[in-house]
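Structure first, then comments.
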Amino acid sequence: MPIEKTYEAATTEAKLYPAWEQSGAFACNPQSKASPYCIMIPPPNVTGSLHMGHGLTFTIQDALIRYQRMKGKDTLWQPGTDHAGIATQMVVERQLAAQGIDRRTMGRDAFLKKVWEWKAESGGTITKQLRRLGASLDWPRERFTMDEGLNKAVTKVFVQLYNEKLIYKDKRLVNWDPKMLTAISDLEVEAKEIKGNLWHFKYPIEGSDEFIIVATTRPETMLGDTAVAVHPENEKLKHLIGKMVKLPLVGRLIPIIGDDYADPEKGTGAVKITPAHDFNDFEVGKRHKLEMINIFDKHAHLNDDVPEKYYGMERFAARKQIVADMEELGLLDQIVPHVHTVPHGDRSGVPIEPWLSEQWYCDAQTLAKPALEAVESGKTKFVPEQWTNTYYAWMRNIEPWCISRQLWWGHQIPAWYGEDGHYFVANDEAEARAQADAHYGHPVELKRDEDVLDTWFSSALWPFSTLGWPEQTPELNRYYPTDCLVTGFDIIFFWVARMMMMGMHFMKDVPFRTVYIHALVRDEKGQKMSKSKGNIIDPLVTIDQYGCDALRFTLANLSTPGRDIKLATSRIETSRNFATKLWNAARFCQMNECSWVPSFDPASVQHTVNKWIVGETLAAADTVAAHLDAYRFDLATHAVYEFIWNTFCDWYLEFTKPVLAGDDAQAAAETRATTAWVLAQMLKILHPFMPYITEELWAQIVGDGTQLMTSSWPTSSIAVDKNAQAEMNWVTRLITSVRNVRQELNVPASAQIGLLLKDAKDTTQARLATHEAIIKKLARLSSVTLTTETPKNAAQAVVDEATLILPLEGVIDLNAERARLEKEMAKWADEIKKVEVKLANENFVSRAPQEILDEHYERRTNAQTMIEKLTAARKSLEG
């Protein structure tokens, strides 16, 4: 069938993905003798919708999987979704609230039934959207963090860790969300900048007329103060250490203690210590064995551990009242406006409270040791390597992991309580009852712990629980450890580190050999995408506009290690144009009868230009493979782009047009077969990044019923003809040099000018004789002549040993061109001066966001590059 005039991305994508999925091409084969290659999908929230961060991470994962599949590996890309405890519960609660129903009135079982109903109806949105992205996941193996098998794994892990004394209950500070009424992880806390105040209070020193002044952004917490801290070397205040303060409004005597936490240069130099409501104060309290007084209930209302006047008051109402009361007592020293960050629940939107509560904890410090050693010994490597230090910093300073959440949706903690509060951790209720009977000596009524586990607990088991653990399945034995984890830096601690801990503890091996950390996707100005800024680029809308391949190629191409992606629609347009170039090249080949010849042997070609392109093709395939092996997706896409656009389209097709139109039938036949072979190899090396257009063209060009995605990556033992490579590369360099001179000196495109070659050796003269016609055509030359003289008013360039001379008198106004070049150089020099003035301003550099600084550095580099080019052009004008 003739290739259509234009590529219709939407039609192709809608046709190909179901065909791929139904063919079973995405599936792994545990019985295969091929080497396994496995990637675990970071399970997206079941509530989620595809955003550009997903677009990046799944593009990279799919590129790796498609590449390894073509390399002959038995690939498993494990799909699945996360139950997303707090997010999912909120979605369903909102739906019920719209109907006037509260989950507490309907009860736990009825509520959970509603959640499962919601998942059945709406929980598959993200997986449908992943299909739009072309993700070649092994869908029949899809798992869910609360499916039966993973529930079993979670329970076994909890019980075993408890029995090993690595899970325990403790009373510590947590991030408490007073709206959701649950502890939340640090990742679920959003720091918001708030215009608030610093209230300076005077605390009377017992037995004197002196006061010590403390400053606070949270006056309400003073009711829970149990000390005031000053630095032991604070010359102004250290004499007060050991004295007592009478806490205003409460009357409680509290000590003045010496502690390094109090910064003499900050605030008043004295810090009120509220161990039950501040994480730093909690640590100070532990060091000094201070009383920890919890003054809030779970709704962040004041409880009965405060003076009766404030009992039951909402926290911010209490703040106003306490400030007013302190002022009335003459103990309000001053109020200073103060901008500071306040942690908020990312789901509830309300300020969170550090709250002292009894929770379940995991001994992360013990579990972290083998996980730390695994990276130190090189069993797992981070790419880019810089993230290794981030991992080390977190793991070496790890705190106990709060694993309980006060929610209903999630893995309910397998602990049952007797009436006296004694609890029994077991795999099921029957086992718990057996423990209780043995403990009490008679049957008792048991009540199960109502809390659920932190979502990250089940996610930590993902690399082995999805493969069937605790059963010893063929998949577990074959695909664990997995090969590569692809994820963002923000969850190195929350997910990567915890998978490492659980993998080392339960599997005695690392969960993955490589962790590839990708960048953030920002807008074209380097700003973080957000609804409030109105700068979100929706991947699905982008796919509708430009096609899936264009988005994927762009994201991979911009994935430079250590740099966030600045995504502009203009870059996606460029990738779409690249796809169009490929499509048109394929049409050109088909129209010139460049048909696929199954028996074609690239080692058999005789003509120089065909030997050259065969060598270039295999070199490009090796280059792309090497970059993919090194996780340099930017360099891999650049290499394939350069080969297709420049080497194949701009050079080879132009070189072969005279051959195809000539009288040498044998040369034409060989060139047609070579062209079709090269095109097929091009489709292969582009396929990991642009799966749709390459698969569609494969069907048109090769047309043997095979799938491109299951074809073999181009490899060959063909000896590259170095003479052919050198000869044709000389031709391209010569033509490029002439074109560059013409462009830099504003030589009209229509002007046919002569070329003189000086100091050309025999090899160069022979090449010139062979390729003179194509050189003249592509460089727009009227003649090519050997010379020993250098005329005046001529531009010069050097290719190998020969000097290229282009006489330009009468072609352009040389004086005007010199003046133009000098004016351009002055303009760019002025640009450099402006930028350097800004960068020399310490105030600007210290206050400007990094993206603004990067923009200035980039402007300076671009200007310097332009000056270098203009200087070379000016120098080339002799006379």
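In the structure tokens, the first chain shown is A, the next is B, and so on; residue numbers restart at 1 for each chain, and ligands run from 1 in the order shown.
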
(request) Please provide as a PyMOL selection string all residues within 10 Å of Leu461 (chain A), with the sequence filter that same-chain residues fewer than 2 positions apart are discarded (counting only C-alpha atoms). (result) chain A and resi 145+150+153-154+157+456-459+463-466+469+495+498-503+506+511

Could you give me, as a tab-separated table, a per-residue list for region 313-376 of chain A showing, wherever an atom lies at most 8 Å from an atom of region 403-406 of chain A, the closest pair of atoms and their distance in Å to one decimal, using only C-alpha atoms and sorting by chain then residue number from low to high?
```
residue	atom	partner	partner_atom	distance
A:Gln359	CA	A:Ser404	CA	5.9
A:Trp360	CA	A:Ser404	CA	5.3
A:Tyr361	CA	A:Ile403	CA	5.5
A:Cys362	CA	A:Ile403	CA	6.7
```

(request) Can you pull out every residue within 12 Å of region 790-794 of chain A, counting only C-alpha atoms, but drop anything in the same chain fewer than 2 positions away, and send it as an NGL selection string? (result) :A and (741-742 or 745 or 753-759 or 786-788 or 796-797 or 803-815 or 817-818 or 873-879)

(message) Which residue is closest to Met591 (chain A)? Choose from A:Asp762, A:Glu4, A:Glu824, A:Asp177 and count only C-alpha atoms.
(response) A:Glu4

Determine, for each residue of region 322-367 of chain A having at least one atom at most 12 Å from an atom of region 203-227 of chain A, the closest pair of atoms and their separation in Å to one decimal, counting only C-alpha atoms; order by chain and ascending number, as JSON lines.
```
{"residue": "A:Ile322", "atom": "CA", "partner": "A:Glu220", "partner_atom": "CA", "distance": 6.5}
{"residue": "A:Val323", "atom": "CA", "partner": "A:Pro219", "partner_atom": "CA", "distance": 6.9}
{"residue": "A:Ala324", "atom": "CA", "partner": "A:Pro219", "partner_atom": "CA", "distance": 10.6}
{"residue": "A:Asp325", "atom": "CA", "partner": "A:Pro219", "partner_atom": "CA", "distance": 11.0}
{"residue": "A:Met326", "atom": "CA", "partner": "A:Pro219", "partner_atom": "CA", "distance": 9.7}
{"residue": "A:Leu329", "atom": "CA", "partner": "A:Tyr203", "partner_atom": "CA", "distance": 11.1}
{"residue": "A:Gly330", "atom": "CA", "partner": "A:Tyr203", "partner_atom": "CA", "distance": 10.6}
{"residue": "A:Leu331", "atom": "CA", "partner": "A:Tyr203", "partner_atom": "CA", "distance": 7.2}
{"residue": "A:Leu332", "atom": "CA", "partner": "A:Ile213", "partner_atom": "CA", "distance": 9.3}
{"residue": "A:Asp333", "atom": "CA", "partner": "A:Ile213", "partner_atom": "CA", "distance": 7.8}
{"residue": "A:Gln334", "atom": "CA", "partner": "A:Ala215", "partner_atom": "CA", "distance": 9.2}
{"residue": "A:Ile335", "atom": "CA", "partner": "A:Ala215", "partner_atom": "CA", "distance": 9.1}
{"residue": "A:Val336", "atom": "CA", "partner": "A:Ala215", "partner_atom": "CA", "distance": 9.4}
{"residue": "A:Pro337", "atom": "CA", "partner": "A:Thr217", "partner_atom": "CA", "distance": 9.9}
{"residue": "A:His338", "atom": "CA", "partner": "A:Thr217", "partner_atom": "CA", "distance": 8.3}
{"residue": "A:Val339", "atom": "CA", "partner": "A:Thr217", "partner_atom": "CA", "distance": 9.9}
{"residue": "A:His340", "atom": "CA", "partner": "A:Thr217", "partner_atom": "CA", "distance": 8.8}
{"residue": "A:Thr341", "atom": "CA", "partner": "A:Thr217", "partner_atom": "CA", "distance": 10.5}
{"residue": "A:Val342", "atom": "CA", "partner": "A:Thr217", "partner_atom": "CA", "distance": 9.8}
{"residue": "A:Pro351", "atom": "CA", "partner": "A:Arg218", "partner_atom": "CA", "distance": 11.8}
{"residue": "A:Glu353", "atom": "CA", "partner": "A:Thr221", "partner_atom": "CA", "distance": 10.5}
{"residue": "A:Pro354", "atom": "CA", "partner": "A:Thr221", "partner_atom": "CA", "distance": 10.7}
{"residue": "A:Trp355", "atom": "CA", "partner": "A:Thr221", "partner_atom": "CA", "distance": 11.2}
{"residue": "A:Leu356", "atom": "CA", "partner": "A:Gly224", "partner_atom": "CA", "distance": 11.6}
```

(request) Using only C-alpha atoms, determine which residues lie at most 9 Å from Leu778 (chain A), disregarding the query and same-chain residues fewer than 5 positions distant; provide the list as number ranges by chain. (result) A: 654, 735, 739, 773

Given the selection you just returned, output its residues as a file containing C-alpha atoms, formatted as a PDB file, in the first residue's frame.
```pdb
ATOM      1  CA  GLU A 654      20.653  13.593  -1.878  1.00  0.00           C
ATOM      2  CA  ILE A 735      29.934  20.874   1.235  1.00  0.00           C
ATOM      3  CA  ARG A 739      27.482  26.253   2.982  1.00  0.00           C
ATOM      4  CA  ALA A 773      28.924  16.858  -9.803  1.00  0.00           C
TER       5      ALA A 773
END
```
